[in-house]
$ cat target_10.cif   # mmCIF, C-alpha atoms
data_structure
#
loop_
_atom_site.label_atom_id
_atom_site.label_comp_id
_atom_site.auth_asym_id
_atom_site.auth_seq_id
_atom_site.Cartn_x
_atom_site.Cartn_y
_atom_site.Cartn_z
CA MET A 1 -20.87 -160.08 40.87
CA THR A 2 -17.30 -158.89 41.16
CA MET A 3 -14.98 -158.32 38.26
CA GLN A 4 -13.11 -161.55 38.94
CA ASP A 5 -16.30 -163.58 38.60
CA GLY A 6 -17.10 -161.85 35.34
CA LEU A 7 -13.62 -162.53 34.02
CA PHE A 8 -13.91 -166.18 35.03
CA TYR A 9 -17.15 -166.61 33.11
CA PHE A 10 -15.73 -164.71 30.10
CA PHE A 11 -12.55 -166.80 29.88
CA ALA A 12 -14.33 -170.09 30.60
CA ALA A 13 -16.91 -169.43 27.87
CA LEU A 14 -14.19 -168.34 25.42
CA THR A 15 -12.15 -171.48 26.12
CA LEU A 16 -15.13 -173.79 25.65
CA ILE A 17 -16.36 -172.03 22.49
CA CYS A 18 -12.89 -172.17 20.94
CA GLY A 19 -12.60 -175.82 21.95
CA ALA A 20 -15.86 -176.57 20.15
CA LEU A 21 -14.76 -174.60 17.08
CA ILE A 22 -11.52 -176.62 16.85
CA ILE A 23 -13.62 -179.72 16.34
CA LEU A 24 -16.21 -178.13 14.04
CA ASN A 25 -13.83 -176.47 11.58
CA ARG A 26 -12.97 -178.47 8.50
CA ASN A 27 -9.84 -176.49 7.72
CA PRO A 28 -6.83 -177.47 9.87
CA VAL A 29 -5.41 -173.93 9.77
CA ASN A 30 -8.60 -172.54 11.32
CA SER A 31 -8.50 -175.27 13.95
CA ALA A 32 -4.93 -174.29 14.82
CA MET A 33 -5.95 -170.63 15.15
CA PHE A 34 -8.81 -171.50 17.48
CA LEU A 35 -6.43 -173.66 19.51
CA VAL A 36 -4.20 -170.59 19.95
CA LEU A 37 -7.21 -168.62 21.19
CA ALA A 38 -8.29 -171.43 23.55
CA ILE A 39 -4.78 -171.64 25.00
CA ALA A 40 -4.55 -167.88 25.45
CA SER A 41 -7.88 -167.73 27.28
CA MET A 42 -6.75 -170.64 29.43
CA ALA A 43 -3.71 -168.53 30.35
CA GLY A 44 -6.28 -165.95 31.50
CA LEU A 45 -7.86 -168.57 33.75
CA PHE A 46 -4.40 -169.35 35.15
CA VAL A 47 -3.95 -165.66 36.01
CA LEU A 48 -7.30 -165.71 37.82
CA LEU A 49 -5.96 -168.67 39.83
CA ASN A 50 -2.85 -166.63 40.78
CA ALA A 51 -0.57 -168.88 38.72
CA PHE A 52 1.20 -166.03 36.95
CA PHE A 53 4.33 -167.94 36.02
CA LEU A 54 2.34 -170.79 34.51
CA ALA A 55 0.23 -168.33 32.53
CA ALA A 56 3.40 -166.84 31.05
CA VAL A 57 4.82 -170.30 30.30
CA GLN A 58 1.52 -171.34 28.74
CA VAL A 59 1.56 -168.39 26.35
CA LEU A 60 5.27 -168.73 25.56
CA VAL A 61 5.46 -172.49 25.09
CA TYR A 62 2.02 -173.37 23.76
CA ALA A 63 0.84 -170.30 21.88
CA GLY A 64 4.41 -169.55 20.84
CA ALA A 65 6.49 -172.64 20.18
CA VAL A 66 3.99 -175.49 19.85
CA MET A 67 1.52 -173.66 17.63
CA VAL A 68 4.27 -172.38 15.35
CA LEU A 69 5.35 -176.01 14.97
CA PHE A 70 1.77 -177.04 14.16
CA LEU A 71 1.30 -174.31 11.55
CA PHE A 72 4.71 -175.10 10.09
CA VAL A 73 3.76 -178.75 9.60
CA ILE A 74 0.35 -177.83 8.17
CA MET A 75 2.06 -175.66 5.58
CA LEU A 76 4.74 -178.29 4.94
CA LEU A 77 2.15 -180.98 4.26
CA ASP A 78 -0.03 -178.51 2.33
CA LEU A 79 -3.20 -179.86 3.93
CA LYS A 80 -6.44 -178.92 2.25
CA GLU A 81 -9.88 -178.90 3.76
CA GLU A 82 -10.91 -182.30 4.99
CA ASP A 83 -12.90 -183.88 2.22
CA ARG A 84 -16.33 -185.15 3.06
CA ARG A 85 -16.43 -188.89 3.12
CA LYS A 86 -19.27 -191.16 3.89
CA PHE A 87 -19.91 -191.13 7.59
CA ASN A 88 -19.21 -194.21 9.60
CA LEU A 89 -22.48 -194.23 11.54
CA PHE A 90 -21.40 -196.97 13.94
CA GLY A 91 -18.18 -195.12 14.80
CA ILE A 92 -20.00 -191.83 15.40
CA ILE A 93 -22.61 -193.42 17.64
CA THR A 94 -20.08 -195.33 19.73
CA GLY A 95 -17.84 -192.24 19.96
CA VAL A 96 -20.63 -189.94 21.13
CA VAL A 97 -21.93 -192.51 23.61
CA SER A 98 -18.49 -193.12 25.13
CA VAL A 99 -17.69 -189.40 25.38
CA ALA A 100 -21.11 -188.66 26.91
CA SER A 101 -20.68 -191.41 29.48
CA ILE A 102 -17.18 -190.23 30.44
CA ALA A 103 -18.46 -186.63 30.75
CA TYR A 104 -21.38 -187.86 32.88
CA ILE A 105 -19.06 -189.83 35.17
CA SER A 106 -16.71 -186.88 35.73
CA PHE A 107 -19.52 -184.36 36.27
CA SER A 108 -21.36 -186.54 38.74
CA ALA A 109 -18.08 -187.23 40.57
CA ILE A 110 -17.43 -183.48 40.87
CA HIS A 111 -21.01 -182.85 41.93
CA SER A 112 -21.10 -185.54 44.59
CA GLY A 113 -18.05 -184.00 46.30
CA GLN A 114 -19.68 -180.56 46.41
CA GLY A 115 -19.77 -180.28 50.17
CA ASP A 116 -16.14 -181.31 50.61
CA LEU A 117 -14.61 -179.09 47.96
CA PRO A 118 -13.16 -175.80 49.25
CA GLN A 119 -15.32 -172.85 48.27
CA THR A 120 -12.75 -170.08 48.60
CA PRO A 121 -9.09 -170.00 47.57
CA ASN A 122 -6.55 -170.58 50.32
CA GLY A 123 -3.36 -168.66 51.04
CA ASP A 124 -1.18 -166.96 48.50
CA ALA A 125 0.42 -170.04 46.99
CA GLY A 126 1.48 -169.51 43.41
CA THR A 127 3.98 -166.72 43.57
CA THR A 128 6.88 -167.21 41.19
CA ILE A 129 9.47 -167.03 43.98
CA LEU A 130 7.89 -169.91 45.90
CA LEU A 131 7.54 -171.94 42.71
CA GLY A 132 11.20 -171.44 41.83
CA GLN A 133 12.34 -172.38 45.33
CA ARG A 134 10.35 -175.61 45.25
CA LEU A 135 11.53 -176.38 41.72
CA PHE A 136 15.21 -176.06 42.58
CA THR A 137 15.12 -177.82 45.97
CA ASP A 138 12.49 -180.55 46.28
CA TYR A 139 12.05 -181.11 42.55
CA LEU A 140 15.63 -180.70 41.38
CA LEU A 141 16.07 -184.28 40.10
CA PRO A 142 12.85 -184.35 37.98
CA PHE A 143 13.84 -180.94 36.64
CA GLU A 144 17.24 -182.22 35.48
CA ILE A 145 15.67 -185.39 34.03
CA LEU A 146 13.30 -183.13 32.11
CA SER A 147 16.22 -181.27 30.53
CA VAL A 148 17.71 -184.61 29.42
CA LEU A 149 14.30 -185.57 28.02
CA LEU A 150 14.21 -182.39 25.93
CA LEU A 151 17.69 -183.15 24.57
CA VAL A 152 16.67 -186.72 23.70
CA ALA A 153 13.51 -185.46 21.98
CA MET A 154 15.51 -182.93 19.98
CA VAL A 155 18.03 -185.53 18.77
CA GLY A 156 15.21 -187.93 17.94
CA VAL A 157 13.30 -185.35 15.93
CA VAL A 158 16.39 -184.38 13.96
CA LEU A 159 17.09 -188.03 13.17
CA LEU A 160 13.46 -188.74 12.26
CA SER A 161 13.06 -185.85 9.87
CA LYS A 162 16.50 -185.97 8.32
CA ARG A 163 17.00 -189.51 7.17
CA GLU A 164 14.99 -191.21 4.49
CA LEU A 165 12.96 -193.85 6.29
CA LYS A 166 13.30 -197.28 4.76
CA MET B 1 -20.10 -164.62 45.38
CA ASN B 2 -16.79 -166.33 44.83
CA ILE B 3 -15.98 -168.82 42.13
CA SER B 4 -15.75 -172.23 43.76
CA LEU B 5 -13.41 -175.05 42.87
CA GLU B 6 -16.36 -176.98 41.49
CA GLN B 7 -16.85 -174.47 38.67
CA TYR B 8 -13.22 -174.70 37.57
CA LEU B 9 -13.44 -178.50 37.61
CA MET B 10 -16.64 -178.32 35.53
CA VAL B 11 -14.87 -176.21 32.88
CA SER B 12 -11.95 -178.63 32.93
CA GLY B 13 -14.24 -181.64 32.53
CA ALA B 14 -16.17 -180.05 29.68
CA LEU B 15 -12.92 -179.17 27.90
CA PHE B 16 -11.60 -182.71 28.35
CA SER B 17 -14.81 -184.13 26.88
CA LEU B 18 -14.57 -181.77 23.91
CA GLY B 19 -10.99 -182.90 23.28
CA LEU B 20 -11.95 -186.57 23.51
CA LEU B 21 -14.86 -185.99 21.12
CA GLY B 22 -12.44 -184.39 18.66
CA VAL B 23 -9.99 -187.29 18.92
CA ILE B 24 -12.77 -189.76 18.16
CA MET B 25 -14.69 -187.83 15.49
CA ARG B 26 -12.06 -186.08 13.41
CA ARG B 27 -10.22 -187.86 10.63
CA ASN B 28 -7.21 -185.58 10.15
CA LEU B 29 -4.06 -186.64 12.01
CA LEU B 30 -3.03 -183.06 12.81
CA VAL B 31 -6.45 -182.09 14.15
CA ILE B 32 -6.48 -185.24 16.30
CA TYR B 33 -3.14 -184.11 17.66
CA MET B 34 -4.52 -180.64 18.45
CA CYS B 35 -7.42 -182.21 20.32
CA LEU B 36 -4.91 -184.23 22.35
CA GLU B 37 -3.26 -180.94 23.32
CA LEU B 38 -6.69 -179.66 24.37
CA MET B 39 -7.14 -182.67 26.67
CA LEU B 40 -3.72 -182.09 28.23
CA ASN B 41 -4.68 -178.46 28.83
CA ALA B 42 -7.92 -179.48 30.52
CA ALA B 43 -5.95 -181.66 32.94
CA ASN B 44 -3.58 -178.73 33.56
CA LEU B 45 -6.50 -176.46 34.43
CA ALA B 46 -7.82 -178.98 36.97
CA LEU B 47 -4.36 -179.31 38.57
CA VAL B 48 -3.85 -175.54 38.85
CA ALA B 49 -7.32 -175.04 40.33
CA MET B 50 -6.74 -177.80 42.90
CA SER B 51 -3.36 -176.33 43.86
CA ARG B 52 -4.90 -172.87 44.29
CA TYR B 53 -7.80 -173.99 46.45
CA ASN B 54 -5.72 -176.27 48.65
CA ALA B 55 -2.79 -173.81 49.04
CA ASN B 56 -0.37 -176.46 47.79
CA LEU B 57 2.20 -175.67 45.14
CA ASP B 58 2.82 -179.27 44.03
CA GLY B 59 0.01 -179.08 41.48
CA GLN B 60 1.58 -176.10 39.76
CA ILE B 61 4.97 -177.81 39.58
CA MET B 62 3.25 -180.83 38.04
CA VAL B 63 1.67 -178.56 35.42
CA PHE B 64 5.08 -177.05 34.68
CA PHE B 65 6.45 -180.55 34.02
CA ILE B 66 3.40 -181.48 31.93
CA ILE B 67 3.85 -178.42 29.70
CA THR B 68 7.51 -179.28 29.10
CA VAL B 69 6.82 -182.94 28.35
CA ALA B 70 3.95 -181.92 26.05
CA ALA B 71 6.31 -179.67 24.09
CA ALA B 72 8.75 -182.56 23.60
CA GLU B 73 5.89 -184.88 22.70
CA VAL B 74 4.52 -182.47 20.10
CA ALA B 75 7.92 -182.20 18.46
CA VAL B 76 8.36 -185.98 18.23
CA GLY B 77 4.76 -186.58 17.16
CA LEU B 78 4.85 -184.00 14.39
CA ALA B 79 8.16 -185.43 13.13
CA LEU B 80 6.47 -188.85 12.99
CA ILE B 81 3.50 -187.38 11.10
CA VAL B 82 5.85 -185.74 8.58
CA ALA B 83 7.75 -189.02 8.12
CA LEU B 84 4.46 -190.86 7.63
CA TYR B 85 3.27 -188.27 5.14
CA ARG B 86 6.48 -188.60 3.13
CA LYS B 87 5.95 -192.34 2.86
CA ARG B 88 2.19 -192.44 2.25
CA GLN B 89 1.26 -188.94 0.95
CA THR B 90 -1.72 -188.70 3.27
CA ALA B 91 -2.65 -187.43 6.72
CA HIS B 92 -6.12 -188.98 6.73
CA VAL B 93 -6.49 -191.75 9.28
CA GLU B 94 -8.79 -193.87 7.10
CA ASP B 95 -6.04 -194.14 4.47
CA LEU B 96 -3.62 -195.43 7.10
CA ALA B 97 -5.52 -198.63 7.94
CA SER B 98 -3.16 -201.17 6.41
CA LEU B 99 -3.29 -203.33 9.55
CA LYS B 100 -7.03 -203.71 8.98
CA SER B 101 -7.53 -206.43 6.39
#

$ encode --input "target_10.cif" --output "structure tokens"
Amino acid sequence: MTMQDGLFYFFAALTLICGALIILNRNPVNSAMFLVLAIASMAGLFVLLNAFFLAAVQVLVYAGAVMVLFLFVIMLLDLKEEDRRKFNLFGIITGVVSVASIAYISFSAIHSGQGDLPQTPNGDAGTTILLGQRLFTDYLLPFEILSVLLLVAMVGVVLLSKRELK
Amino acid sequence: MNISLEQYLMVSGALFSLGLLGVIMRRNLLVIYMCLELMLNAANLALVAMSRYNANLDGQIMVFFIITVAAAEVAVGLALIVALYRKRQTAHVEDLASLKS
């Protein structure tokens, strides 16, 4: 087993464990902290896939900006631990059954294509230079639309949180 | 032994299922939102793995767009949650069931 394989198993296990802990924790602050850890380990997986720029963006945008926003709102709302209420047995059963069936469908779909899926990585796609060239030639229009979207979102958020809603 | 694409897709599928389970089981609006982010990240992982194994950069560009849109979506969604909390003083989904008679 090479070091890359070991790193893959380490990061994959860390991501999945943190994902499970997000759900299991009753305190929203702890959930947010485990989400930070899950996102950081997913950036590790991106590095293993040679997507260095995306790994950096993942850490900057998700672990930096988005999680700060989450923690800020948690503190603003002063959320306590989720109080235990009586369980809705029907809801839990239907939820678990639907999630299990969706997981089964996706896993069997991945497994049935085993022979067709490439076993080894191809080429050296993923360098930041190539990504930037594609982004500013073939994908220039979506890129500009995205900047307008960010502006619209910003104006909307300011309006939403400023005015008293009637 | 190399890691195959199948293993990355398995991790992505498991993560997506975990996120969906969280969305269905949890009762706190903010935690539901975090689980949504987890599902988006699982899709991102699948796209990056596909782009790496097929030597095609389009998947990575898609992920770049998804991350940006997710950031905008989080900002708007959290503003909505704050507005809702100001009006109702709760972030518990079972207290927000006024459409249910």

$ atom_distance --input "target_10.cif" --atom1 "atom CA of Val61 of chain A" --atom2 "atom CA of Val148 of chain A"
17.8 Å

$ resolve_selection --input "target_10.cif" --expression "the PyMOL selection byres ((chain B) within 8 of (chain A))" --output "PyMOL selection string"
chain B and resi 1-6+9-11+13-15+17-22+24-28+30-31+34-35+38+41+45+48-49+51-57+60-61+63-65+67-69+71-76+78-80+82-83+85+87

$ atom_distance --input "target_10.cif" --atom1 "atom CA of Asp78 of chain A" --atom2 "atom CA of Ser41 of chain A"
28.3 Å

$ atom_distance --input "target_10.cif" --atom1 "atom CA of Ala40 of chain A" --atom2 "atom CA of Ala56 of chain A"
9.8 Å
